[in-house]
$ cat coords_29.pdb   # PDB, N, CA and C atoms and all ligand atoms
ATOM      1  N   THR F   3     161.087 106.013 101.932
ATOM      2  CA  THR F   3     160.214 105.364 100.950
ATOM      3  C   THR F   3     160.657 105.701  99.525
ATOM      4  N   HIS F   4     160.151 104.924  98.584
ATOM      5  CA  HIS F   4     160.315 105.253  97.179
ATOM      6  C   HIS F   4     158.986 105.817  96.671
ATOM      7  N   VAL F   5     159.078 106.569  95.578
ATOM      8  CA  VAL F   5     157.916 107.330  95.122
ATOM      9  C   VAL F   5     157.734 107.144  93.610
ATOM     10  N   VAL F   6     156.509 106.854  93.192
ATOM     11  CA  VAL F   6     156.205 106.814  91.751
ATOM     12  C   VAL F   6     155.850 108.229  91.319
ATOM     13  N   THR F   7     156.535 108.720  90.308
ATOM     14  CA  THR F   7     156.297 110.088  89.846
ATOM     15  C   THR F   7     155.403 110.098  88.605
ATOM     16  N   GLU F   8     155.162 111.288  88.098
ATOM     17  CA  GLU F   8     154.218 111.417  86.991
ATOM     18  C   GLU F   8     154.689 110.731  85.708
ATOM     19  N   GLN F   9     155.941 110.327  85.640
ATOM     20  CA  GLN F   9     156.366 109.620  84.434
ATOM     21  C   GLN F   9     155.647 108.291  84.259
ATOM     22  N   CYS F  10     155.050 107.791  85.322
ATOM     23  CA  CYS F  10     154.260 106.551  85.216
ATOM     24  C   CYS F  10     152.913 106.782  84.531
ATOM     25  N   VAL F  11     152.391 107.983  84.638
ATOM     26  CA  VAL F  11     151.034 108.262  84.159
ATOM     27  C   VAL F  11     150.900 107.951  82.663
ATOM     28  N   HIS F  12     149.894 107.204  82.323
ATOM     29  CA  HIS F  12     149.569 106.753  80.959
ATOM     30  C   HIS F  12     150.557 105.716  80.418
ATOM     31  N   CYS F  13     151.583 105.393  81.162
ATOM     32  CA  CYS F  13     152.515 104.327  80.750
ATOM     33  C   CYS F  13     152.141 103.043  81.481
ATOM     34  N   LYS F  14     152.243 103.091  82.828
ATOM     35  CA  LYS F  14     151.892 101.940  83.666
ATOM     36  C   LYS F  14     152.470 100.645  83.084
ATOM     37  N   PHE F  15     153.766 100.619  82.908
ATOM     38  CA  PHE F  15     154.411  99.446  82.310
ATOM     39  C   PHE F  15     154.351  98.210  83.219
ATOM     40  N   ALA F  16     154.164  98.437  84.517
ATOM     41  CA  ALA F  16     153.924  97.349  85.483
ATOM     42  C   ALA F  16     155.116  96.427  85.742
ATOM     43  N   GLU F  17     156.267  96.770  85.221
ATOM     44  CA  GLU F  17     157.462  95.953  85.498
ATOM     45  C   GLU F  17     157.827  96.020  86.981
ATOM     46  N   CYS F  18     157.617  97.189  87.570
ATOM     47  CA  CYS F  18     158.019  97.433  88.956
ATOM     48  C   CYS F  18     157.428  96.430  89.931
ATOM     49  N   ILE F  19     156.185  96.056  89.718
ATOM     50  CA  ILE F  19     155.491  95.179  90.670
ATOM     51  C   ILE F  19     156.205  93.837  90.780
ATOM     52  N   THR F  20     156.689  93.365  89.655
ATOM     53  CA  THR F  20     157.344  92.060  89.621
ATOM     54  C   THR F  20     158.583  92.025  90.516
ATOM     55  N   TYR F  21     159.237  93.176  90.648
ATOM     56  CA  TYR F  21     160.497  93.230  91.388
ATOM     57  C   TYR F  21     160.322  93.646  92.838
ATOM     58  N   CYS F  22     159.103  93.930  93.240
ATOM     59  CA  CYS F  22     158.843  94.386  94.611
ATOM     60  C   CYS F  22     158.677  93.185  95.540
ATOM     61  N   PRO F  23     159.506  93.099  96.596
ATOM     62  CA  PRO F  23     159.408  91.947  97.503
ATOM     63  C   PRO F  23     158.286  92.069  98.530
ATOM     64  N   VAL F  24     157.675  93.246  98.608
ATOM     65  CA  VAL F  24     156.548  93.414  99.518
ATOM     66  C   VAL F  24     155.341  93.891  98.705
ATOM     67  N   ALA F  25     154.238  94.155  99.358
ATOM     68  CA  ALA F  25     153.031  94.537  98.625
ATOM     69  C   ALA F  25     152.809  96.041  98.738
ATOM     70  N   CYS F  26     153.674  96.821  98.089
ATOM     71  CA  CYS F  26     153.554  98.258  98.322
ATOM     72  C   CYS F  26     152.933  99.037  97.176
ATOM     73  N   PHE F  27     152.737  98.419  96.022
ATOM     74  CA  PHE F  27     152.152  99.176  94.907
ATOM     75  C   PHE F  27     150.627  99.176  94.978
ATOM     76  N   ARG F  28     150.054 100.326  94.627
ATOM     77  CA  ARG F  28     148.607 100.475  94.548
ATOM     78  C   ARG F  28     148.268 100.950  93.139
ATOM     79  N   GLU F  29     147.100 100.541  92.651
ATOM     80  CA  GLU F  29     146.783 100.778  91.237
ATOM     81  C   GLU F  29     145.656 101.777  91.019
ATOM     82  N   ALA F  30     145.943 102.795  90.215
ATOM     83  CA  ALA F  30     144.911 103.689  89.691
ATOM     84  C   ALA F  30     144.697 103.324  88.220
ATOM     85  N   GLY F  31     143.791 104.005  87.560
ATOM     86  CA  GLY F  31     143.475 103.656  86.179
ATOM     87  C   GLY F  31     144.655 103.759  85.239
ATOM     88  N   THR F  32     145.449 104.813  85.394
ATOM     89  CA  THR F  32     146.519 105.030  84.418
ATOM     90  C   THR F  32     147.918 105.099  85.036
ATOM     91  N   PHE F  33     148.037 104.780  86.316
ATOM     92  CA  PHE F  33     149.358 104.822  86.958
ATOM     93  C   PHE F  33     149.326 104.033  88.257
ATOM     94  N   LEU F  34     150.492 103.843  88.830
ATOM     95  CA  LEU F  34     150.603 103.209  90.145
ATOM     96  C   LEU F  34     151.164 104.213  91.141
ATOM     97  N   VAL F  35     150.971 103.919  92.409
ATOM     98  CA  VAL F  35     151.657 104.660  93.468
ATOM     99  C   VAL F  35     152.258 103.639  94.431
ATOM    100  N   ILE F  36     153.145 104.127  95.284
ATOM    101  CA  ILE F  36     153.763 103.277  96.309
ATOM    102  C   ILE F  36     153.240 103.705  97.678
ATOM    103  N   ASP F  37     152.796 102.725  98.449
ATOM    104  CA  ASP F  37     152.353 103.003  99.813
ATOM    105  C   ASP F  37     153.590 103.203 100.699
ATOM    106  N   PRO F  38     153.782 104.413 101.218
ATOM    107  CA  PRO F  38     154.985 104.678 102.007
ATOM    108  C   PRO F  38     155.052 103.863 103.290
ATOM    109  N   ASP F  39     153.914 103.347 103.740
ATOM    110  CA  ASP F  39     153.918 102.533 104.956
ATOM    111  C   ASP F  39     154.360 101.100 104.692
ATOM    112  N   GLU F  40     154.370 100.710 103.416
ATOM    113  CA  GLU F  40     154.742  99.333 103.073
ATOM    114  C   GLU F  40     156.128  99.229 102.443
ATOM    115  N   CYS F  41     156.567 100.285 101.772
ATOM    116  CA  CYS F  41     157.845 100.252 101.044
ATOM    117  C   CYS F  41     159.007 100.027 102.020
ATOM    118  N   ILE F  42     159.888  99.088 101.671
ATOM    119  CA  ILE F  42     161.051  98.804 102.535
ATOM    120  C   ILE F  42     162.336  99.395 101.957
ATOM    121  N   ASP F  43     162.185 100.238 100.919
ATOM    122  CA  ASP F  43     163.339 100.932 100.339
ATOM    123  C   ASP F  43     164.400  99.997  99.761
ATOM    124  N   CYS F  44     163.958  98.901  99.178
ATOM    125  CA  CYS F  44     164.939  97.989  98.554
ATOM    126  C   CYS F  44     165.495  98.595  97.274
ATOM    127  N   GLY F  45     164.680  99.413  96.581
ATOM    128  CA  GLY F  45     165.135 100.071  95.362
ATOM    129  C   GLY F  45     165.059  99.222  94.104
ATOM    130  N   ASN F  46     164.585  97.993  94.193
ATOM    131  CA  ASN F  46     164.524  97.125  93.008
ATOM    132  C   ASN F  46     163.702  97.728  91.874
ATOM    133  N   CYS F  47     162.643  98.429  92.234
ATOM    134  CA  CYS F  47     161.726  98.960  91.224
ATOM    135  C   CYS F  47     162.339 100.083  90.403
ATOM    136  N   VAL F  48     163.317 100.776  90.957
ATOM    137  CA  VAL F  48     163.909 101.925  90.251
ATOM    138  C   VAL F  48     164.505 101.472  88.919
ATOM    139  N   GLU F  49     165.300 100.429  88.970
ATOM    140  CA  GLU F  49     165.939  99.919  87.754
ATOM    141  C   GLU F  49     164.938  99.219  86.842
ATOM    142  N   ALA F  50     163.900  98.664  87.432
ATOM    143  CA  ALA F  50     162.942  97.878  86.647
ATOM    144  C   ALA F  50     162.051  98.735  85.763
ATOM    145  N   CYS F  51     161.844  99.992  86.138
ATOM    146  CA  CYS F  51     160.879 100.824  85.416
ATOM    147  C   CYS F  51     161.440 101.369  84.101
ATOM    148  N   PRO F  52     160.830 101.009  82.972
ATOM    149  CA  PRO F  52     161.306 101.503  81.672
ATOM    150  C   PRO F  52     161.087 103.003  81.485
ATOM    151  N   ALA F  53     160.221 103.595  82.313
ATOM    152  CA  ALA F  53     159.917 105.022  82.183
ATOM    153  C   ALA F  53     160.728 105.880  83.159
ATOM    154  N   ASP F  54     161.617 105.254  83.937
ATOM    155  CA  ASP F  54     162.379 105.982  84.968
ATOM    156  C   ASP F  54     161.458 106.800  85.863
ATOM    157  N   ALA F  55     160.361 106.189  86.254
ATOM    158  CA  ALA F  55     159.324 106.915  87.002
ATOM    159  C   ALA F  55     159.521 106.885  88.510
ATOM    160  N   ILE F  56     160.394 106.021  89.014
ATOM    161  CA  ILE F  56     160.464 105.828  90.469
ATOM    162  C   ILE F  56     161.770 106.385  91.035
ATOM    163  N   TYR F  57     161.617 107.136  92.147
ATOM    164  CA  TYR F  57     162.772 107.750  92.811
ATOM    165  C   TYR F  57     162.728 107.441  94.303
ATOM    166  N   PRO F  58     163.924 107.349  94.926
ATOM    167  CA  PRO F  58     163.929 107.384  96.386
ATOM    168  C   PRO F  58     163.462 108.776  96.812
ATOM    169  N   GLU F  59     162.757 108.837  97.905
ATOM    170  CA  GLU F  59     162.197 110.113  98.364
ATOM    171  C   GLU F  59     163.245 111.213  98.437
ATOM    172  N   ASP F  60     164.423 110.885  98.940
ATOM    173  CA  ASP F  60     165.430 111.934  99.130
ATOM    174  C   ASP F  60     166.170 112.313  97.851
ATOM    175  N   GLU F  61     165.800 111.689  96.721
ATOM    176  CA  GLU F  61     166.410 112.080  95.439
ATOM    177  C   GLU F  61     165.369 112.634  94.464
ATOM    178  N   LEU F  62     164.189 112.936  94.971
ATOM    179  CA  LEU F  62     163.142 113.473  94.095
ATOM    180  C   LEU F  62     163.540 114.852  93.572
ATOM    181  N   PRO F  63     163.513 115.061  92.258
ATOM    182  CA  PRO F  63     163.756 116.416  91.742
ATOM    183  C   PRO F  63     162.630 117.345  92.208
ATOM    184  N   PRO F  64     162.930 118.628  92.417
ATOM    185  CA  PRO F  64     161.925 119.552  92.944
ATOM    186  C   PRO F  64     160.617 119.546  92.161
ATOM    187  N   GLU F  65     160.702 119.450  90.842
ATOM    188  CA  GLU F  65     159.477 119.523  90.043
ATOM    189  C   GLU F  65     158.603 118.277  90.214
ATOM    190  N   LEU F  66     159.181 117.218  90.756
ATOM    191  CA  LEU F  66     158.403 115.992  90.953
ATOM    192  C   LEU F  66     157.977 115.793  92.405
ATOM    193  N   MET F  67     158.262 116.772  93.261
ATOM    194  CA  MET F  67     157.925 116.674  94.671
ATOM    195  C   MET F  67     156.440 116.440  94.955
ATOM    196  N   PRO F  68     155.518 116.983  94.139
ATOM    197  CA  PRO F  68     154.099 116.721  94.416
ATOM    198  C   PRO F  68     153.781 115.223  94.460
ATOM    199  N   ALA F  69     154.601 114.418  93.830
ATOM    200  CA  ALA F  69     154.354 112.966  93.815
ATOM    201  C   ALA F  69     154.403 112.366  95.219
ATOM    202  N   LEU F  70     155.144 112.968  96.094
ATOM    203  CA  LEU F  70     155.246 112.460  97.462
ATOM    204  C   LEU F  70     153.871 112.463  98.129
ATOM    205  N   GLU F  71     153.177 113.560  97.974
ATOM    206  CA  GLU F  71     151.846 113.686  98.567
ATOM    207  C   GLU F  71     150.849 112.762  97.850
ATOM    208  N   TRP F  72     150.965 112.664  96.536
ATOM    209  CA  TRP F  72     150.075 111.780  95.757
ATOM    210  C   TRP F  72     150.196 110.340  96.213
ATOM    211  N   ASN F  73     151.434 109.873  96.316
ATOM    212  CA  ASN F  73     151.654 108.471  96.678
ATOM    213  C   ASN F  73     151.071 108.189  98.052
ATOM    214  N   SER F  74     151.306 109.080  98.983
ATOM    215  CA  SER F  74     150.831 108.885 100.337
ATOM    216  C   SER F  74     149.302 108.913 100.407
ATOM    217  N   ARG F  75     148.713 109.912  99.808
ATOM    218  CA  ARG F  75     147.259 110.077  99.891
ATOM    219  C   ARG F  75     146.523 108.993  99.106
ATOM    220  N   LEU F  76     146.952 108.768  97.857
ATOM    221  CA  LEU F  76     146.224 107.832  97.000
ATOM    222  C   LEU F  76     146.400 106.379  97.425
ATOM    223  N   SER F  77     147.516 106.058  98.031
ATOM    224  CA  SER F  77     147.716 104.659  98.417
ATOM    225  C   SER F  77     146.718 104.240  99.495
ATOM    226  N   ALA F  78     146.181 105.195 100.218
ATOM    227  CA  ALA F  78     145.165 104.875 101.229
ATOM    228  C   ALA F  78     143.819 104.573 100.583
ATOM    229  N   GLU F  79     143.636 105.016  99.338
ATOM    230  CA  GLU F  79     142.339 104.873  98.674
ATOM    231  C   GLU F  79     142.313 103.774  97.615
ATOM    232  N   LEU F  80     143.476 103.465  97.061
ATOM    233  CA  LEU F  80     143.525 102.598  95.882
ATOM    234  C   LEU F  80     143.745 101.130  96.258
ATOM    235  N   PRO F  81     143.304 100.217  95.384
ATOM    236  CA  PRO F  81     143.515  98.793  95.650
ATOM    237  C   PRO F  81     144.962  98.357  95.403
ATOM    238  N   LEU F  82     145.296  97.259  96.016
ATOM    239  CA  LEU F  82     146.613  96.667  95.830
ATOM    240  C   LEU F  82     146.860  96.347  94.358
ATOM    241  N   ALA F  83     148.036  96.671  93.869
ATOM    242  CA  ALA F  83     148.402  96.318  92.493
ATOM    243  C   ALA F  83     149.079  94.950  92.513
ATOM    244  N   THR F  84     148.516  94.010  91.801
ATOM    245  CA  THR F  84     149.101  92.668  91.756
ATOM    246  C   THR F  84     149.860  92.497  90.440
ATOM    247  N   THR F  85     150.495  91.369  90.280
ATOM    248  CA  THR F  85     151.232  91.132  89.028
ATOM    249  C   THR F  85     150.273  90.923  87.858
ATOM    250  N   ARG F  86     148.972  90.973  88.130
ATOM    251  CA  ARG F  86     148.004  90.872  87.034
ATOM    252  C   ARG F  86     147.740  92.221  86.371
ATOM    253  N   VAL F  87     148.335  93.282  86.877
ATOM    254  CA  VAL F  87     148.143  94.599  86.260
ATOM    255  C   VAL F  87     148.537  94.529  84.786
ATOM    256  N   VAL F  88     147.658  95.033  83.944
ATOM    257  CA  VAL F  88     147.918  94.991  82.498
ATOM    258  C   VAL F  88     148.526  96.326  82.062
ATOM    259  N   PRO F  89     149.709  96.307  81.459
ATOM    260  CA  PRO F  89     150.313  97.555  80.989
ATOM    261  C   PRO F  89     149.395  98.244  79.986
ATOM    262  N   LEU F  90     149.420  99.569  79.954
ATOM    263  CA  LEU F  90     148.549 100.301  79.041
ATOM    264  C   LEU F  90     149.022 100.129  77.595
ATOM    265  N   PRO F  91     148.088  99.921  76.667
ATOM    266  CA  PRO F  91     148.463  99.600  75.286
ATOM    267  C   PRO F  91     149.228 100.717  74.577
ATOM    268  N   ASP F  92     148.948 101.968  74.951
ATOM    269  CA  ASP F  92     149.651 103.078  74.296
ATOM    270  C   ASP F  92     150.712 103.691  75.219
ATOM    271  N   GLY F  93     151.171 102.914  76.183
ATOM    272  CA  GLY F  93     152.145 103.411  77.159
ATOM    273  C   GLY F  93     153.419 103.938  76.526
ATOM    274  N   GLU F  94     153.842 103.266  75.493
ATOM    275  CA  GLU F  94     155.106 103.666  74.846
ATOM    276  C   GLU F  94     155.011 105.083  74.268
ATOM    277  N   GLU F  95     153.840 105.450  73.784
ATOM    278  CA  GLU F  95     153.664 106.789  73.198
ATOM    279  C   GLU F  95     153.767 107.893  74.252
ATOM    280  N   TRP F  96     153.500 107.544  75.509
ATOM    281  CA  TRP F  96     153.503 108.547  76.577
ATOM    282  C   TRP F  96     154.835 108.620  77.310
ATOM    283  N   ARG F  97     155.716 107.707  77.014
ATOM    284  CA  ARG F  97     156.967 107.651  77.772
ATOM    285  C   ARG F  97     157.751 108.963  77.653
ATOM    286  N   GLY F  98     158.093 109.559  78.809
ATOM    287  CA  GLY F  98     158.925 110.753  78.837
ATOM    288  C   GLY F  98     158.211 112.061  78.558
ATOM    289  N   LYS F  99     156.907 112.011  78.304
ATOM    290  CA  LYS F  99     156.190 113.279  78.046
ATOM    291  C   LYS F  99     156.113 114.118  79.315
ATOM    292  N   PRO F 100     156.163 115.445  79.197
ATOM    293  CA  PRO F 100     156.098 116.313  80.381
ATOM    294  C   PRO F 100     154.662 116.549  80.842
ATOM    295  N   ASP F 101     154.538 116.992  82.078
ATOM    296  CA  ASP F 101     153.252 117.451  82.632
ATOM    297  C   ASP F 101     152.122 116.442  82.482
ATOM    298  N   LYS F 102     152.411 115.215  82.783
ATOM    299  CA  LYS F 102     151.361 114.206  82.618
ATOM    300  C   LYS F 102     150.307 114.262  83.718
ATOM    301  N   TRP F 103     150.664 114.759  84.904
ATOM    302  CA  TRP F 103     149.627 114.922  85.943
ATOM    303  C   TRP F 103     148.507 115.791  85.402
ATOM    304  N   ALA F 104     148.892 116.834  84.629
ATOM    305  CA  ALA F 104     147.910 117.801  84.153
ATOM    306  C   ALA F 104     146.883 117.162  83.223
ATOM    307  N   SER F 105     147.211 116.005  82.661
ATOM    308  CA  SER F 105     146.299 115.356  81.728
ATOM    309  C   SER F 105     145.263 114.503  82.447
ATOM    310  N   LEU F 106     145.410 114.373  83.771
ATOM    311  CA  LEU F 106     144.480 113.525  84.512
ATOM    312  C   LEU F 106     143.230 114.302  84.915
ATOM    313  N   PRO F 107     142.097 113.601  85.017
ATOM    314  CA  PRO F 107     140.925 114.269  85.583
ATOM    315  C   PRO F 107     141.179 114.584  87.052
ATOM    316  N   THR F 108     140.648 115.662  87.558
ATOM    317  CA  THR F 108     140.903 116.022  88.950
ATOM    318  C   THR F 108     139.900 115.344  89.870
TER
HETATM  319 FE1  LIG F 201     154.752 102.839  86.246
HETATM  320 FE2  LIG F 201     157.227 102.229  85.701
HETATM  321 FE3  LIG F 201     155.832 100.672  87.226
HETATM  322  S1  LIG F 201     155.772 103.119  84.290
HETATM  323  S2  LIG F 201     153.762 100.879  86.524
HETATM  324  S3  LIG F 201     156.376 102.768  87.709
HETATM  325  S4  LIG F 201     157.295 100.013  85.695
END

$ encode --input "coords_29.pdb" --output "structure tokens"
Amino acid sequence: THVVTEQCVHCKFAECITYCPVACFREAGTFLVIDPDECIDCGNCVEACPADAIYPEDELPPELMPALEWNSRLSAELPLATTRVVPLPDGEEWRGKPDKWASLPT
């Protein structure tokens, strides 16, 4: 599977959804996740993301490994992300910032 990491948080540029040939993205308020049961590993979303937020599972850097569990768990709870997802207005200001998971409510 592919995995959305914390670089998506507060950015949610939504480019990835357009390039996904299946329905694997799920939407939270400030980020997306990928449903590992739906992802076909095409990799189209990796290049599409302006925040470099998406990795193949086997190339996840150690510090971003928690994203694997997030994507799996949250995709069971969150609604399908459609191409109607609206990118966050201040997404550009958050691009590349560290420790964005920590800024989320628990
Ligand atoms: Fe997030 Fe990148 Fe998609 S910022 S919404 S994974 S294009």

$ resolve_selection --input "coords_29.pdb" --expression "the PyMOL selection byres (((not hetatm)) within 5 of (chain F and resi 201))" --output "list in words"
Cys10, Cys13, Lys14, Phe15, Ala16, Glu17, Cys18, Leu34, Ala50, Cys51, Pro52 and Ala53 of chain F

$ resolve_selection --input "coords_29.pdb" --expression "the PyMOL selection byres (((chain F and resi 70-85 and name CA) around 7) and not hetatm and name CA)" --output "MDAnalysis selection string"
chainID F and resid 5:6 19:20 27:30 35:38 67:69 86:87

$ select_by_dssp --input "coords_29.pdb" --residues "chain F" --states "alpha helix (DSSP H)" --output "MDAnalysis selection string"
chainID F and resid 17:21 46:50 68:77 93:96

$ write_last_selection --input "coords_29.pdb" --atoms "N, CA and C atoms" --output "compact mmCIF listing (two decimals), in the coordinates of the input"
# COMPACT_ATOMS: atom_id res chain seq x y z
N GLU F 17 156.27 96.77 85.22
CA GLU F 17 157.46 95.95 85.50
C GLU F 17 157.83 96.02 86.98
N CYS F 18 157.62 97.19 87.57
CA CYS F 18 158.02 97.43 88.96
C CYS F 18 157.43 96.43 89.93
N ILE F 19 156.18 96.06 89.72
CA ILE F 19 155.49 95.18 90.67
C ILE F 19 156.21 93.84 90.78
N THR F 20 156.69 93.36 89.66
CA THR F 20 157.34 92.06 89.62
C THR F 20 158.58 92.02 90.52
N TYR F 21 159.24 93.18 90.65
CA TYR F 21 160.50 93.23 91.39
C TYR F 21 160.32 93.65 92.84
N ASN F 46 164.58 97.99 94.19
CA ASN F 46 164.52 97.12 93.01
C ASN F 46 163.70 97.73 91.87
N CYS F 47 162.64 98.43 92.23
CA CYS F 47 161.73 98.96 91.22
C CYS F 47 162.34 100.08 90.40
N VAL F 48 163.32 100.78 90.96
CA VAL F 48 163.91 101.92 90.25
C VAL F 48 164.50 101.47 88.92
N GLU F 49 165.30 100.43 88.97
CA GLU F 49 165.94 99.92 87.75
C GLU F 49 164.94 99.22 86.84
N ALA F 50 163.90 98.66 87.43
CA ALA F 50 162.94 97.88 86.65
C ALA F 50 162.05 98.74 85.76
N PRO F 68 155.52 116.98 94.14
CA PRO F 68 154.10 116.72 94.42
C PRO F 68 153.78 115.22 94.46
N ALA F 69 154.60 114.42 93.83
CA ALA F 69 154.35 112.97 93.82
C ALA F 69 154.40 112.37 95.22
N LEU F 70 155.14 112.97 96.09
CA LEU F 70 155.25 112.46 97.46
C LEU F 70 153.87 112.46 98.13
N GLU F 71 153.18 113.56 97.97
CA GLU F 71 151.85 113.69 98.57
C GLU F 71 150.85 112.76 97.85
N TRP F 72 150.96 112.66 96.54
CA TRP F 72 150.07 111.78 95.76
C TRP F 72 150.20 110.34 96.21
N ASN F 73 151.43 109.87 96.32
CA ASN F 73 151.65 108.47 96.68
C ASN F 73 151.07 108.19 98.05
N SER F 74 151.31 109.08 98.98
CA SER F 74 150.83 108.88 100.34
C SER F 74 149.30 108.91 100.41
N ARG F 75 148.71 109.91 99.81
CA ARG F 75 147.26 110.08 99.89
C ARG F 75 146.52 108.99 99.11
N LEU F 76 146.95 108.77 97.86
CA LEU F 76 146.22 107.83 97.00
C LEU F 76 146.40 106.38 97.42
N SER F 77 147.52 106.06 98.03
CA SER F 77 147.72 104.66 98.42
C SER F 77 146.72 104.24 99.50
N GLY F 93 151.17 102.91 76.18
CA GLY F 93 152.15 103.41 77.16
C GLY F 93 153.42 103.94 76.53
N GLU F 94 153.84 103.27 75.49
CA GLU F 94 155.11 103.67 74.85
C GLU F 94 155.01 105.08 74.27
N GLU F 95 153.84 105.45 73.78
CA GLU F 95 153.66 106.79 73.20
C GLU F 95 153.77 107.89 74.25
N TRP F 96 153.50 107.54 75.51
CA TRP F 96 153.50 108.55 76.58
C TRP F 96 154.84 108.62 77.31

$ resolve_selection --input "coords_29.pdb" --expression "the PyMOL selection byres (((chain F and resi 103) around 8) and not hetatm)" --output "list of chain:residue names"
F:Thr7, F:Glu8, F:Gln9, F:Val11, F:Lys99, F:Pro100, F:Asp101, F:Lys102, F:Ala104, F:Ser105, F:Leu106, F:Pro107

$ atom_distance --input "coords_29.pdb" --atom1 "atom C of Phe33 in chain F" --atom2 "atom C of Cys47 in chain F"
13.8 Å

$ atom_distance --input "coords_29.pdb" --atom1 "atom C of Asp60 in chain F" --atom2 "CA of Cys44 in chain F"
14.4 Å

$ atom_distance --input "coords_29.pdb" --atom1 "CA of Val88 in chain F" --atom2 "atom C of Pro64 in chain F"
29.3 Å

$ select_by_dssp --input "coords_29.pdb" --residues "chain F" --states "strand (DSSP E)" --output "count of residues only"
12

$ closest_residue --input "coords_29.pdb" --among "F:His12, F:Val24, F:Asp54, F:Asp43" --to "Leu90 in chain F" --atoms "only N, CA and C atoms"
F:His12

$ closest_residue --input "coords_29.pdb" --among "F:Ala55, F:Thr3, F:Asp92, F:Gly98" --to "Ile42 in chain F" --atoms "only C-alpha atoms"
F:Thr3

$ axis_aligned_box --input "coords_29.pdb" --around "range 93-103 of chain F" --padding-each-side "8 Å" --output "AutoDock Vina command-line options"
--center_x 153.7 --center_y 110.2 --center_z 79.6 --size_x 26.4 --size_y 30.5 --size_z 28.7
